[in-house]
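File shown: model-v2.csv. Contents: CSV, C-alpha atoms and all ligand atoms.
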chain,number,residue,atom,x,y,z
A,1,MET,CA,-78.2,52.5,102.6
A,2,ILE,CA,-80.3,55.6,103.0
A,3,GLY,CA,-78.8,58.9,102.0
A,4,ILE,CA,-79.8,61.9,104.2
A,5,ILE,CA,-78.9,65.4,103.1
A,6,ALA,CA,-79.5,68.7,105.0
A,7,ALA,CA,-78.3,72.1,103.9
A,8,MET,CA,-77.1,73.4,107.3
A,9,ASN,CA,-75.4,72.0,110.4
A,10,VAL,CA,-78.4,73.0,112.6
A,11,GLU,CA,-80.5,70.6,110.6
A,12,MET,CA,-78.1,67.7,110.9
A,13,GLU,CA,-76.0,67.9,114.1
A,14,SER,CA,-78.4,66.3,116.5
A,15,LEU,CA,-79.2,63.5,114.0
A,16,ARG,CA,-75.5,62.8,113.5
A,17,SER,CA,-74.9,62.6,117.2
A,18,HIS,CA,-76.9,59.3,117.2
A,19,ILE,CA,-75.0,57.5,114.5
A,20,GLU,CA,-73.3,54.4,115.7
A,21,ASN,CA,-69.8,53.5,114.4
A,22,PRO,CA,-69.5,56.7,112.3
A,23,GLU,CA,-67.0,56.7,109.5
A,24,SER,CA,-66.3,60.1,107.9
A,25,GLU,CA,-64.7,61.3,104.7
A,26,VAL,CA,-64.5,64.6,102.8
A,27,ILE,CA,-65.2,64.5,99.1
A,28,SER,CA,-65.5,67.7,97.0
A,29,GLY,CA,-65.4,69.7,100.2
A,30,ILE,CA,-68.4,68.0,101.7
A,31,ARG,CA,-68.1,65.7,104.8
A,32,PHE,CA,-70.0,62.4,104.4
A,33,VAL,CA,-70.6,60.5,107.6
A,34,ARG,CA,-71.9,57.0,107.4
A,35,GLY,CA,-72.9,54.5,110.0
A,36,ILE,CA,-76.0,53.0,111.7
A,37,LEU,CA,-78.8,55.3,112.8
A,38,ASP,CA,-81.9,53.8,114.5
A,39,GLY,CA,-81.1,50.4,113.1
A,40,LYS,CA,-80.6,51.5,109.5
A,41,GLU,CA,-77.5,52.0,107.4
A,42,VAL,CA,-77.2,55.7,106.5
A,43,VAL,CA,-74.9,58.1,104.9
A,44,THR,CA,-75.4,61.8,105.8
A,45,ALA,CA,-74.2,65.1,104.4
A,46,VAL,CA,-74.5,68.8,105.1
A,47,CYS,CA,-74.5,70.2,101.5
A,48,GLY,CA,-74.6,73.9,102.1
A,49,ILE,CA,-77.1,76.5,100.9
A,50,GLY,CA,-78.7,76.6,97.5
A,51,LYS,CA,-79.2,74.4,94.4
A,52,VAL,CA,-75.7,74.1,93.2
A,53,PHE,CA,-74.3,72.8,96.5
A,54,ALA,CA,-77.3,70.5,96.9
A,55,ALA,CA,-76.8,69.0,93.4
A,56,LEU,CA,-73.1,68.6,93.9
A,57,CYS,CA,-73.7,66.8,97.1
A,58,ALA,CA,-76.5,64.5,95.8
A,59,GLN,CA,-74.5,63.5,92.8
A,60,THR,CA,-71.3,62.8,94.8
A,61,MET,CA,-73.3,60.8,97.4
A,62,ILE,CA,-74.9,58.7,94.6
A,63,LEU,CA,-71.6,58.0,92.9
A,64,HIS,CA,-69.6,57.2,96.1
A,65,TYR,CA,-72.2,55.5,98.3
A,66,GLN,CA,-74.9,54.2,95.9
A,67,PRO,CA,-77.8,55.0,98.4
A,68,SER,CA,-81.0,53.2,97.7
A,69,SER,CA,-82.9,56.4,98.4
A,70,ILE,CA,-82.2,60.0,99.4
A,71,ILE,CA,-84.1,62.0,101.9
A,72,ASN,CA,-83.6,65.8,102.1
A,73,THR,CA,-84.5,67.1,105.5
A,74,GLY,CA,-84.6,70.6,107.0
A,75,VAL,CA,-86.6,73.8,107.3
A,76,ALA,CA,-88.6,75.9,104.9
A,77,GLY,CA,-90.9,78.9,104.6
A,78,THR,CA,-94.6,78.2,104.4
A,79,LEU,CA,-96.8,79.1,101.4
A,80,THR,CA,-100.1,78.2,102.9
A,81,ASP,CA,-102.2,79.1,106.0
A,82,GLU,CA,-102.6,75.3,106.5
A,83,LEU,CA,-98.9,75.0,107.5
A,84,GLY,CA,-97.9,77.1,110.5
A,85,ILE,CA,-94.5,77.4,112.0
A,86,GLY,CA,-93.3,74.0,113.4
A,87,SER,CA,-95.6,72.0,111.2
A,88,VAL,CA,-94.2,69.7,108.5
A,89,ALA,CA,-94.3,69.7,104.7
A,90,VAL,CA,-93.7,66.4,102.9
A,91,SER,CA,-93.1,66.5,99.1
A,92,THR,CA,-95.3,64.8,96.6
A,93,ALA,CA,-93.1,66.6,94.0
A,94,VAL,CA,-90.5,69.4,93.8
A,95,VAL,CA,-90.2,72.4,91.4
A,96,GLN,CA,-87.6,75.0,90.8
A,97,HIS,CA,-89.4,78.3,91.0
A,98,ASP,CA,-86.5,80.4,89.7
A,99,MET,CA,-86.0,78.3,86.5
A,100,ASP,CA,-87.5,80.5,83.8
A,101,THR,CA,-87.0,80.2,80.0
A,102,SER,CA,-90.5,81.6,79.3
A,103,PRO,CA,-89.2,84.4,77.0
A,104,LEU,CA,-88.5,81.5,74.6
A,105,GLY,CA,-92.1,80.2,74.9
A,106,ASP,CA,-91.5,77.6,77.6
A,107,PRO,CA,-93.7,77.4,80.6
A,108,VAL,CA,-92.3,79.0,83.7
A,109,GLY,CA,-90.4,76.4,85.8
A,110,LEU,CA,-89.7,74.0,82.9
A,111,ILE,CA,-86.5,72.1,83.4
A,112,SER,CA,-85.3,71.7,79.8
A,113,GLY,CA,-83.5,68.4,79.1
A,114,ILE,CA,-85.8,66.4,81.3
A,115,ASN,CA,-88.8,68.4,80.1
A,116,LYS,CA,-90.5,68.6,83.4
A,117,ILE,CA,-91.8,71.3,85.7
A,118,GLU,CA,-92.7,69.0,88.6
A,119,ILE,CA,-90.2,66.2,89.6
A,120,PRO,CA,-92.2,63.5,91.4
A,121,ALA,CA,-91.0,62.4,94.8
A,122,ASP,CA,-91.1,58.7,95.6
A,123,ARG,CA,-94.7,57.9,96.6
A,124,LEU,CA,-93.8,55.2,99.1
A,125,LEU,CA,-91.2,57.3,100.9
A,126,SER,CA,-93.4,60.4,101.0
A,127,GLY,CA,-96.4,58.4,102.1
A,128,ARG,CA,-94.5,56.7,104.9
A,129,MET,CA,-93.0,60.0,106.0
A,130,ALA,CA,-96.5,61.7,106.2
A,131,ALA,CA,-97.9,58.7,108.0
A,132,CYS,CA,-95.1,58.9,110.6
A,133,ALA,CA,-95.7,62.6,111.1
A,134,LYS,CA,-99.4,61.9,111.8
A,135,VAL,CA,-98.6,59.2,114.3
A,136,MET,CA,-96.3,61.7,116.1
A,137,GLY,CA,-99.3,64.2,116.2
A,138,LEU,CA,-97.5,66.7,114.0
A,139,LYS,CA,-99.5,69.0,111.8
A,140,THR,CA,-98.5,67.8,108.3
A,141,LEU,CA,-99.3,68.6,104.7
A,142,SER,CA,-98.2,66.7,101.6
A,143,GLY,CA,-97.7,68.7,98.4
A,144,VAL,CA,-95.4,70.4,96.0
A,145,ILE,CA,-92.2,71.9,97.5
A,146,ALA,CA,-90.6,74.8,95.6
A,147,SER,CA,-86.8,75.5,95.6
A,148,GLY,CA,-84.9,78.4,94.3
A,149,ASP,CA,-81.7,80.3,94.9
A,150,GLN,CA,-83.4,83.0,97.1
A,151,PHE,CA,-84.7,83.3,100.6
A,152,VAL,CA,-88.4,84.1,100.0
A,153,ALA,CA,-89.3,87.0,102.2
A,154,SER,CA,-92.1,89.0,100.5
A,155,ALA,CA,-95.8,88.6,100.0
A,156,GLU,CA,-95.4,89.2,96.3
A,157,ARG,CA,-92.8,86.4,95.7
A,158,LYS,CA,-94.8,84.1,97.9
A,159,ALA,CA,-98.0,84.7,95.9
A,160,TYR,CA,-96.1,84.2,92.7
A,161,ILE,CA,-94.8,80.8,93.7
A,162,THR,CA,-98.1,79.7,95.1
A,163,GLU,CA,-100.0,80.8,91.9
A,164,LYS,CA,-97.5,79.4,89.4
A,165,PHE,CA,-96.7,76.1,91.1
A,166,GLY,CA,-99.4,75.4,93.7
A,167,ALA,CA,-96.5,74.8,96.1
A,168,ILE,CA,-97.0,74.5,99.9
A,169,ALA,CA,-93.5,75.4,101.1
A,170,CYS,CA,-90.3,77.1,99.8
A,171,GLU,CA,-86.7,76.3,100.4
A,172,MET,CA,-83.4,76.3,98.5
A,173,GLU,CA,-82.2,72.7,97.9
A,174,GLY,CA,-84.9,70.1,97.6
A,175,ALA,CA,-85.6,70.4,93.9
A,176,ALA,CA,-81.9,70.3,93.0
A,177,ILE,CA,-81.6,67.0,94.9
A,178,GLY,CA,-84.8,65.9,93.2
A,179,GLN,CA,-83.4,66.6,89.8
A,180,VAL,CA,-80.2,64.7,90.5
A,181,CYS,CA,-82.1,61.8,91.9
A,182,PHE,CA,-84.5,61.8,88.9
A,183,VAL,CA,-81.6,61.7,86.4
A,184,ASN,CA,-79.9,58.9,88.4
A,185,LYS,CA,-83.2,57.0,89.0
A,186,VAL,CA,-82.8,57.2,92.8
A,187,PRO,CA,-86.0,57.5,94.8
A,188,PHE,CA,-86.2,60.7,96.9
A,189,CYS,CA,-88.3,62.6,99.3
A,190,VAL,CA,-88.1,66.1,100.8
A,191,LEU,CA,-89.2,66.7,104.4
A,192,ARG,CA,-89.3,70.2,105.7
A,193,ALA,CA,-90.4,71.7,109.0
A,194,ILE,CA,-91.7,75.3,108.8
A,195,SER,CA,-89.3,77.9,110.2
A,196,ASP,CA,-91.0,81.1,108.8
A,197,SER,CA,-93.8,82.7,106.9
A,198,ALA,CA,-91.9,83.5,103.7
A,199,ASP,CA,-93.3,87.0,103.7
A,200,GLY,CA,-92.3,90.4,105.2
A,201,SER,CA,-91.9,88.9,108.6
A,202,SER,CA,-89.8,85.9,107.6
A,203,HIS,CA,-86.5,87.6,108.4
A,204,MET,CA,-87.7,87.8,112.0
A,205,ASP,CA,-89.4,84.4,112.1
A,206,TYR,CA,-86.4,82.5,110.7
A,207,PRO,CA,-83.7,83.3,113.4
A,208,THR,CA,-86.3,82.7,116.1
A,209,PHE,CA,-87.6,79.4,114.9
A,210,VAL,CA,-84.9,77.7,112.8
A,211,GLN,CA,-83.6,75.7,115.7
A,212,MET,CA,-87.0,74.4,116.8
A,213,ALA,CA,-88.1,73.6,113.2
A,214,ALA,CA,-84.8,71.8,112.5
A,215,GLN,CA,-85.3,69.7,115.6
A,216,GLN,CA,-88.8,68.9,114.5
A,217,SER,CA,-87.6,67.5,111.1
A,218,VAL,CA,-84.9,65.5,112.9
A,219,SER,CA,-87.5,63.9,115.3
A,220,LEU,CA,-89.7,63.0,112.3
A,221,LEU,CA,-86.8,61.5,110.4
A,222,ARG,CA,-85.7,59.4,113.4
A,223,ARG,CA,-89.3,58.1,113.8
A,224,PHE,CA,-89.3,57.2,110.1
A,225,LEU,CA,-86.0,55.3,110.4
A,226,ASN,CA,-87.3,53.5,113.5
A,227,ALA,CA,-90.5,52.4,111.8
A,301,LIG,N1,-76.4,82.5,105.4
A,301,LIG,C1,-77.5,81.7,105.9
A,301,LIG,C2,-78.5,81.3,104.8
A,301,LIG,C3,-79.7,80.5,105.2
A,301,LIG,S1,-80.8,80.4,103.9
A,301,LIG,C4,-76.8,80.4,106.5
A,301,LIG,O1,-75.8,80.0,105.9
A,301,LIG,O2,-77.3,79.8,107.4
A,301,LIG,C5,-82.1,79.6,104.6
A,301,LIG,C6,-82.1,78.1,104.6
A,301,LIG,O3,-83.3,77.6,105.1
A,301,LIG,C7,-82.0,77.4,103.2
A,301,LIG,O4,-81.3,76.2,103.3
A,301,LIG,C8,-83.5,77.1,102.8
A,301,LIG,O5,-83.6,75.8,102.3
A,301,LIG,C9,-84.3,77.2,104.1
A,301,LIG,N2,-85.4,78.2,104.2
A,301,LIG,C10,-86.1,78.4,105.3
A,301,LIG,N3,-87.0,79.4,105.0
A,301,LIG,C11,-86.9,79.8,103.7
A,301,LIG,C12,-87.5,80.8,102.9
A,301,LIG,N4,-88.4,81.6,103.4
A,301,LIG,N5,-87.1,80.9,101.6
A,301,LIG,C13,-86.1,80.1,101.1
A,301,LIG,N6,-85.5,79.2,101.9
A,301,LIG,C14,-85.8,79.0,103.2

Written as structure tokens, that's how I'd like the structure from this file.
Ligand code: SAH
Amino acid sequence: MIGIIAAMNVEMESLRSHIENPESEVISGIRFVRGILDGKEVVTAVCGIGKVFAALCAQTMILHYQPSSIINTGVAGTLTDELGIGSVAVSTAVVQHDMDTSPLGDPVGLISGINKIEIPADRLLSGRMAACAKVMGLKTLSGVIASGDQFVASAERKAYITEKFGAIACEMEGAAIGQVCFVNKVPFCVLRAISDSADGSSHMDYPTFVQMAAQQSVSLLRRFLNA
């Protein structure tokens, strides 16, 4: 069974509408819908915004459904000119850009306990996802995806995340799901279509493009499941 997590309804509803024989249950306030999607057994969840909800959802999904892998799909802000609105970022690794114990001498972004800054995504999953995007003719870039509990909307914060982590896209859930998957030894991948520029104009981009970008990530995910 493949686990699929999105933060918001807009990123999940059109995917869910294609699930055959859906079975639904609510655990810890999150609705999990399982069934057959494009010939594959899946369990889906809308986790809510931010790292805490994302972690809660991923851990609950792992304990209750034992997915063989988890894919986090949705939208993100771009951190590079190579990824415009509507194009797709695929994770090679994830980082938490707001994790910072550097006053104690740690490098910025270090996740103490697992002693990592970058949590590697599953190579096979990420590679297959990027390959599907190319086949679909989508503009795609693979690289580090940065998560934090903030909507990135300034040139300064964008530059900080790019410089410190070499990340290509920013969002609010992927690295929390990545951390939970890492600890539980579940392969994961983050797939994000770009909804905004993550700078001074992102508050205008986002409402304009979130729907279109969400649909883009759903289309790619369905192609991936069909392959
Ligand atoms: N109150 C709003 C909050 C949306 S936050 C709501 O509930 O709909 C934006 C979402 O899109 C997050 O899930 C995040 O993962 C993603 N996202 C898109 N652009 C982003 C950006 N520039 N910075 C951070 N997250 C972004």

Using only C-alpha atoms, give me every residue within 9 Å of (-92.8, 60.6, 100.6) in file coordinates, as JSON, numbers by chain. {"A": [71, 90, 91, 92, 93, 121, 122, 123, 124, 125, 126, 127, 128, 129, 130, 142, 188, 189, 190, 191]}

Quick one: pull the distance between CA of Ile4 (chain A) and CA of Val52 (chain A), Å, one decimal.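 So the answer is 16.9 Å.
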
Using all atoms listed in the file, which residue out of A:Gly109, A:Gly86, A:Gly50, A:Pro207 lies closest to ligand LIG 301 (chain A)?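 Of A:Gly109, A:Gly86, A:Gly50, A:Pro207, the one nearest ligand LIG 301 (chain A), counting all atoms listed in the file, is A:Gly50.
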
Test item: residues no farther than 8 Å from ligand LIG 301 (chain A), counting only C-alpha atoms and all ligand atoms, as an MDAnalysis selection string: chainID A and resid 6:8 48:50 74:78 147:153 170:174 194:199 202 206 210

Can you tell me how far CA of Phe165 (chain A) sits from CA of His203 (chain A), in Å to one decimal?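 Atom-to-atom, CA of Phe165 (chain A) to CA of His203 (chain A), that is 23.1 Å.
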
To one decimal in Å, tell me the separation between CA of Arg34 (chain A) and CA of Glu20 (chain A).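 Atom-to-atom, CA of Arg34 (chain A) and CA of Glu20 (chain A) are spaced 8.8 Å apart.
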
A:Val135, A:His97, A:Met12, A:Ile2 ranked by distance to Arg157 (chain A), top pick (using all atoms listed in the file):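 Looking only at the distances to Arg157 (chain A), the closest residue turns out to be A:His97.
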
Among the residues A:Ile177, A:Met99, A:Ala155, A:Met136, the one that comes closest to Cys57 (chain A) [using only C-alpha atoms]: A:Ile177

For Leu110 (chain A), the closest of A:Phe224, A:Gln96, A:Val218, A:Gly143 counting all atoms listed in the file is A:Gln96

From the set A:Leu220, A:Ala169, A:Leu63, A:Val180, which residue has the shortest atom-to-atom contact distance to Ile85 (chain A), counting only C-alpha atoms?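 Checking each of A:Leu220, A:Ala169, A:Leu63, A:Val180 against Ile85 (chain A), counting only C-alpha atoms, the winner is A:Ala169.
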
Counting only C-alpha atoms, what is within 12 Å of Gly3 (chain A), bar same-chain residues fewer than 2 positions away, as an MDAnalysis selection string? chainID A and resid 1 5:6 32:37 40:46 57:73 177 181 186:190 221 225

I need the residues from that last selection saved to file as an mmCIF file, in the coordinates of the input (with C-alpha atoms), if you can.
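part20.cif, freshly written:
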data_model
loop_
_atom_site.group_PDB
_atom_site.id
_atom_site.type_symbol
_atom_site.label_atom_id
_atom_site.label_comp_id
_atom_site.auth_asym_id
_atom_site.auth_seq_id
_atom_site.Cartn_x
_atom_site.Cartn_y
_atom_site.Cartn_z
ATOM 1 C CA MET A 1 -78.200 52.500 102.600
ATOM 2 C CA ILE A 5 -78.900 65.400 103.100
ATOM 3 C CA ALA A 6 -79.500 68.700 105.000
ATOM 4 C CA PHE A 32 -70.000 62.400 104.400
ATOM 5 C CA VAL A 33 -70.600 60.500 107.600
ATOM 6 C CA ARG A 34 -71.900 57.000 107.400
ATOM 7 C CA GLY A 35 -72.900 54.500 110.000
ATOM 8 C CA ILE A 36 -76.000 53.000 111.700
ATOM 9 C CA LEU A 37 -78.800 55.300 112.800
ATOM 10 C CA LYS A 40 -80.600 51.500 109.500
ATOM 11 C CA GLU A 41 -77.500 52.000 107.400
ATOM 12 C CA VAL A 42 -77.200 55.700 106.500
ATOM 13 C CA VAL A 43 -74.900 58.100 104.900
ATOM 14 C CA THR A 44 -75.400 61.800 105.800
ATOM 15 C CA ALA A 45 -74.200 65.100 104.400
ATOM 16 C CA VAL A 46 -74.500 68.800 105.100
ATOM 17 C CA CYS A 57 -73.700 66.800 97.100
ATOM 18 C CA ALA A 58 -76.500 64.500 95.800
ATOM 19 C CA GLN A 59 -74.500 63.500 92.800
ATOM 20 C CA THR A 60 -71.300 62.800 94.800
ATOM 21 C CA MET A 61 -73.300 60.800 97.400
ATOM 22 C CA ILE A 62 -74.900 58.700 94.600
ATOM 23 C CA LEU A 63 -71.600 58.000 92.900
ATOM 24 C CA HIS A 64 -69.600 57.200 96.100
ATOM 25 C CA TYR A 65 -72.200 55.500 98.300
ATOM 26 C CA GLN A 66 -74.900 54.200 95.900
ATOM 27 C CA PRO A 67 -77.800 55.000 98.400
ATOM 28 C CA SER A 68 -81.000 53.200 97.700
ATOM 29 C CA SER A 69 -82.900 56.400 98.400
ATOM 30 C CA ILE A 70 -82.200 60.000 99.400
ATOM 31 C CA ILE A 71 -84.100 62.000 101.900
ATOM 32 C CA ASN A 72 -83.600 65.800 102.100
ATOM 33 C CA THR A 73 -84.500 67.100 105.500
ATOM 34 C CA ILE A 177 -81.600 67.000 94.900
ATOM 35 C CA CYS A 181 -82.100 61.800 91.900
ATOM 36 C CA VAL A 186 -82.800 57.200 92.800
ATOM 37 C CA PRO A 187 -86.000 57.500 94.800
ATOM 38 C CA PHE A 188 -86.200 60.700 96.900
ATOM 39 C CA CYS A 189 -88.300 62.600 99.300
ATOM 40 C CA VAL A 190 -88.100 66.100 100.800
ATOM 41 C CA LEU A 221 -86.800 61.500 110.400
ATOM 42 C CA LEU A 225 -86.000 55.300 110.400
#

Have a look at A:Ile114, A:Met212, A:Leu79, A:Val10 and name the one nearest to Ala146 (chain A); count all atoms listed in the file.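 Closest to Ala146 (chain A), using all atoms listed in the file: A:Leu79.
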